[in-house]
Amino acid sequence: YDTSYQGVALRVGEDILLLGYADSNDQLQTTLSGAADWLAARVNSEGQINSSGNARTCEGGETFLGVGKQVSVVDVFVGLVYASVRTEKNTTEAAAQRIEQWVSRNRDVDPCFP
């Protein structure tokens with residue numbers, strides 16, 4: 001698994017719903033809710049996104065233009081915000097708020113965190 005790619009997938013899925021995709025059997029909504037729960041559980045009390053075990057970012061080894069990929073904090077944050085608005089889940093909203101607070105205190109800090 002990879003918390004960064006999970007955040008990107010969550011944000012894209014929520015974008016699809018926001019654009020009016022007709023999810024007649026609620027399968028996409030149910031899947032995205034599970035994805036948001038999984039991701040929210042990986043945001044610690046300080047707001048850092050746990051990247052330990054990531055398969056593609058941080059210690060996962062993928063690079064872009066010779067630079068190692070990091071956690072996409074923006075995608076994780078936006079995906080959690082969208083999901084929290086849609087589901088009205090306090091745990092998802094709280095995770096997004098913790099990320100916001102961490103970023104405001106750590107603007108130039110590497111977001112990769114085991």
# chains A, B, ... in the order shown; residues from 1 in each chain; ligands from 1

$ residues_around --residues "Gln101 in chain A" --least-positions-apart "5" --cutoff "9 Å" --atoms "only C-alpha atoms" --output "compact mmCIF listing (two decimals) with C-alpha atoms, in the first residue's frame"
# COMPACT_ATOMS: atom_id res chain seq x y z
CA GLU A 46 0.29 15.61 15.24
CA GLY A 47 -1.13 15.51 11.70
CA ALA A 96 -7.88 16.53 7.66
CA ASN A 106 6.01 22.51 9.20

$ select_by_dssp --residues "chain A" --states "strand (DSSP E)" --output "ChimeraX atom specification"
/A:63-64,67-68

$ atom_distance --atom1 "CA of Tyr1 in chain A" --atom2 "CA of Leu17 in chain A"
23.5 Å

$ residues_around --residues "range 56-68 of chain A" --least-positions-apart "4" --cutoff "7 Å" --atoms "only C-alpha atoms" --output "PyMOL selection string"
chain A and resi 2+4+51+112

$ closest_atom_pairs --of "range 2-49 of chain A" --to "range 82-87 of chain A" --cutoff "7 Å" --atoms "only C-alpha atoms" --output "CSV"
residue,atom,partner,partner_atom,distance
A:Glu14,CA,A:Tyr82,CA,6.3
A:Ser33,CA,A:Ala83,CA,6.7
A:Ala36,CA,A:Ala83,CA,6.5

$ residues_around --residues "Leu10 in chain A" --least-positions-apart "4" --cutoff "10 Å" --atoms "only C-alpha atoms" --output "ChimeraX atom specification"
/A:4-6,14-16,31-36,39,75-80,82-83

$ atom_distance --atom1 "CA of Ala41 in chain A" --atom2 "CA of Ile99 in chain A"
12.2 Å

$ select_by_dssp --residues "range 4-112 of chain A" --states "helix (DSSP H, G or I)" --output "ChimeraX atom specification"
/A:4-18,27-40,58-60,73-87,90-105

$ atom_distance --atom1 "CA of Pro111 in chain A" --atom2 "CA of Gln70 in chain A"
6.7 Å

$ decode --residues "chain A" --atoms "C-alpha atoms" --output "PDB file, in the first residue's frame"
ATOM      1  CA  TYR A   1       0.000   0.000   0.000  1.00  0.00           C
ATOM      2  CA  ASP A   2       0.967   3.649  -0.237  1.00  0.00           C
ATOM      3  CA  THR A   3      -0.626   6.522   1.674  1.00  0.00           C
ATOM      4  CA  SER A   4       0.227   8.993  -1.075  1.00  0.00           C
ATOM      5  CA  TYR A   5      -1.343   7.008  -3.895  1.00  0.00           C
ATOM      6  CA  GLN A   6      -4.333   6.238  -1.648  1.00  0.00           C
ATOM      7  CA  GLY A   7      -4.781   9.991  -1.157  1.00  0.00           C
ATOM      8  CA  VAL A   8      -4.600  10.643  -4.898  1.00  0.00           C
ATOM      9  CA  ALA A   9      -7.097   7.865  -5.644  1.00  0.00           C
ATOM     10  CA  LEU A  10      -9.460   9.119  -2.939  1.00  0.00           C
ATOM     11  CA  ARG A  11      -9.328  12.680  -4.271  1.00  0.00           C
ATOM     12  CA  VAL A  12      -9.927  11.554  -7.857  1.00  0.00           C
ATOM     13  CA  GLY A  13     -12.838   9.343  -6.808  1.00  0.00           C
ATOM     14  CA  GLU A  14     -14.405  12.163  -4.811  1.00  0.00           C
ATOM     15  CA  ASP A  15     -13.891  14.494  -7.814  1.00  0.00           C
ATOM     16  CA  ILE A  16     -15.828  12.022  -9.962  1.00  0.00           C
ATOM     17  CA  LEU A  17     -18.726  12.080  -7.512  1.00  0.00           C
ATOM     18  CA  LEU A  18     -18.631  15.889  -7.275  1.00  0.00           C
ATOM     19  CA  LEU A  19     -18.801  16.113 -11.060  1.00  0.00           C
ATOM     20  CA  GLY A  20     -22.131  14.314 -10.942  1.00  0.00           C
ATOM     21  CA  TYR A  21     -21.250  10.714 -11.726  1.00  0.00           C
ATOM     22  CA  ALA A  22     -24.396   8.670 -11.158  1.00  0.00           C
ATOM     23  CA  ASP A  23     -23.402   5.977  -8.672  1.00  0.00           C
ATOM     24  CA  SER A  24     -26.704   4.105  -8.842  1.00  0.00           C
ATOM     25  CA  ASN A  25     -25.695   1.249  -6.539  1.00  0.00           C
ATOM     26  CA  ASP A  26     -23.501   3.315  -4.164  1.00  0.00           C
ATOM     27  CA  GLN A  27     -20.498   1.051  -4.813  1.00  0.00           C
ATOM     28  CA  LEU A  28     -18.137   3.959  -5.525  1.00  0.00           C
ATOM     29  CA  GLN A  29     -19.324   5.854  -2.450  1.00  0.00           C
ATOM     30  CA  THR A  30     -18.909   2.805  -0.231  1.00  0.00           C
ATOM     31  CA  THR A  31     -15.428   2.101  -1.601  1.00  0.00           C
ATOM     32  CA  LEU A  32     -14.351   5.730  -1.168  1.00  0.00           C
ATOM     33  CA  SER A  33     -15.656   5.771   2.396  1.00  0.00           C
ATOM     34  CA  GLY A  34     -13.524   2.735   3.199  1.00  0.00           C
ATOM     35  CA  ALA A  35     -10.520   4.349   1.523  1.00  0.00           C
ATOM     36  CA  ALA A  36     -11.012   7.517   3.574  1.00  0.00           C
ATOM     37  CA  ASP A  37     -11.276   5.523   6.813  1.00  0.00           C
ATOM     38  CA  TRP A  38      -8.053   3.654   5.990  1.00  0.00           C
ATOM     39  CA  LEU A  39      -6.234   6.881   5.184  1.00  0.00           C
ATOM     40  CA  ALA A  40      -7.558   8.825   8.191  1.00  0.00           C
ATOM     41  CA  ALA A  41      -6.259   6.064  10.471  1.00  0.00           C
ATOM     42  CA  ARG A  42      -2.754   6.754   9.145  1.00  0.00           C
ATOM     43  CA  VAL A  43      -2.739  10.419  10.209  1.00  0.00           C
ATOM     44  CA  ASN A  44      -1.174  10.652  13.648  1.00  0.00           C
ATOM     45  CA  SER A  45      -2.184  12.979  16.466  1.00  0.00           C
ATOM     46  CA  GLU A  46       0.294  15.606  15.239  1.00  0.00           C
ATOM     47  CA  GLY A  47      -1.133  15.510  11.703  1.00  0.00           C
ATOM     48  CA  GLN A  48       1.701  13.646  10.006  1.00  0.00           C
ATOM     49  CA  ILE A  49       0.758  11.071   7.387  1.00  0.00           C
ATOM     50  CA  ASN A  50       2.391   7.736   8.139  1.00  0.00           C
ATOM     51  CA  SER A  51       4.431   6.707   5.128  1.00  0.00           C
ATOM     52  CA  SER A  52       6.056   3.591   6.577  1.00  0.00           C
ATOM     53  CA  GLY A  53       5.612   0.659   4.256  1.00  0.00           C
ATOM     54  CA  ASN A  54       4.731   2.845   1.271  1.00  0.00           C
ATOM     55  CA  ALA A  55       5.436   0.858  -1.870  1.00  0.00           C
ATOM     56  CA  ARG A  56       5.959   3.794  -4.237  1.00  0.00           C
ATOM     57  CA  THR A  57       6.721   6.974  -2.289  1.00  0.00           C
ATOM     58  CA  CYS A  58       9.144   7.974   0.456  1.00  0.00           C
ATOM     59  CA  GLU A  59      11.190   4.858   1.117  1.00  0.00           C
ATOM     60  CA  GLY A  60       9.256   3.002  -1.615  1.00  0.00           C
ATOM     61  CA  GLY A  61      11.790   3.939  -4.219  1.00  0.00           C
ATOM     62  CA  GLU A  62       9.983   5.674  -7.113  1.00  0.00           C
ATOM     63  CA  THR A  63      11.599   8.802  -8.477  1.00  0.00           C
ATOM     64  CA  PHE A  64      10.547  11.562 -10.836  1.00  0.00           C
ATOM     65  CA  LEU A  65      13.283  13.457 -12.675  1.00  0.00           C
ATOM     66  CA  GLY A  66      15.822  11.892 -10.329  1.00  0.00           C
ATOM     67  CA  VAL A  67      14.068  13.025  -7.152  1.00  0.00           C
ATOM     68  CA  GLY A  68      12.386  10.579  -4.778  1.00  0.00           C
ATOM     69  CA  LYS A  69       8.618  10.877  -4.627  1.00  0.00           C
ATOM     70  CA  GLN A  70       7.088  12.123  -1.377  1.00  0.00           C
ATOM     71  CA  VAL A  71       3.627  11.899   0.115  1.00  0.00           C
ATOM     72  CA  SER A  72       1.210  14.155  -1.755  1.00  0.00           C
ATOM     73  CA  VAL A  73      -0.043  15.986   1.316  1.00  0.00           C
ATOM     74  CA  VAL A  74      -2.404  18.125  -0.771  1.00  0.00           C
ATOM     75  CA  ASP A  75      -4.141  15.098  -2.311  1.00  0.00           C
ATOM     76  CA  VAL A  76      -4.424  13.323   1.040  1.00  0.00           C
ATOM     77  CA  PHE A  77      -5.852  16.475   2.646  1.00  0.00           C
ATOM     78  CA  VAL A  78      -8.311  17.256  -0.169  1.00  0.00           C
ATOM     79  CA  GLY A  79      -9.455  13.640  -0.443  1.00  0.00           C
ATOM     80  CA  LEU A  80     -10.157  13.512   3.283  1.00  0.00           C
ATOM     81  CA  VAL A  81     -11.973  16.862   3.225  1.00  0.00           C
ATOM     82  CA  TYR A  82     -14.194  15.798   0.316  1.00  0.00           C
ATOM     83  CA  ALA A  83     -14.947  12.470   1.996  1.00  0.00           C
ATOM     84  CA  SER A  84     -15.723  14.114   5.327  1.00  0.00           C
ATOM     85  CA  VAL A  85     -18.185  16.522   3.712  1.00  0.00           C
ATOM     86  CA  ARG A  86     -19.879  13.702   1.820  1.00  0.00           C
ATOM     87  CA  THR A  87     -20.064  11.251   4.720  1.00  0.00           C
ATOM     88  CA  GLU A  88     -20.217  13.713   7.634  1.00  0.00           C
ATOM     89  CA  LYS A  89     -17.717  11.515   9.491  1.00  0.00           C
ATOM     90  CA  ASN A  90     -16.011  13.336  12.333  1.00  0.00           C
ATOM     91  CA  THR A  91     -12.964  11.047  12.266  1.00  0.00           C
ATOM     92  CA  THR A  92     -12.236  11.871   8.634  1.00  0.00           C
ATOM     93  CA  GLU A  93     -12.744  15.595   9.205  1.00  0.00           C
ATOM     94  CA  ALA A  94     -10.508  15.496  12.282  1.00  0.00           C
ATOM     95  CA  ALA A  95      -7.718  13.795  10.320  1.00  0.00           C
ATOM     96  CA  ALA A  96      -7.880  16.526   7.657  1.00  0.00           C
ATOM     97  CA  GLN A  97      -7.779  19.210  10.349  1.00  0.00           C
ATOM     98  CA  ARG A  98      -4.707  17.617  11.926  1.00  0.00           C
ATOM     99  CA  ILE A  99      -2.959  17.601   8.538  1.00  0.00           C
ATOM    100  CA  GLU A 100      -3.795  21.285   8.067  1.00  0.00           C
ATOM    101  CA  GLN A 101      -2.329  22.116  11.482  1.00  0.00           C
ATOM    102  CA  TRP A 102       0.817  20.063  10.834  1.00  0.00           C
ATOM    103  CA  VAL A 103       1.415  21.754   7.479  1.00  0.00           C
ATOM    104  CA  SER A 104       0.961  25.225   8.947  1.00  0.00           C
ATOM    105  CA  ARG A 105       3.675  24.442  11.532  1.00  0.00           C
ATOM    106  CA  ASN A 106       6.015  22.507   9.202  1.00  0.00           C
ATOM    107  CA  ARG A 107       5.941  24.160   5.781  1.00  0.00           C
ATOM    108  CA  ASP A 108       9.439  23.093   4.717  1.00  0.00           C
ATOM    109  CA  VAL A 109       9.571  19.690   6.417  1.00  0.00           C
ATOM    110  CA  ASP A 110       9.764  16.472   4.413  1.00  0.00           C
ATOM    111  CA  PRO A 111       6.297  14.895   4.720  1.00  0.00           C
ATOM    112  CA  CYS A 112       7.644  11.333   4.667  1.00  0.00           C
ATOM    113  CA  PHE A 113       7.171   9.946   8.160  1.00  0.00           C
ATOM    114  CA  PRO A 114       7.364   6.390   9.407  1.00  0.00           C
TER     115      PRO A 114
END
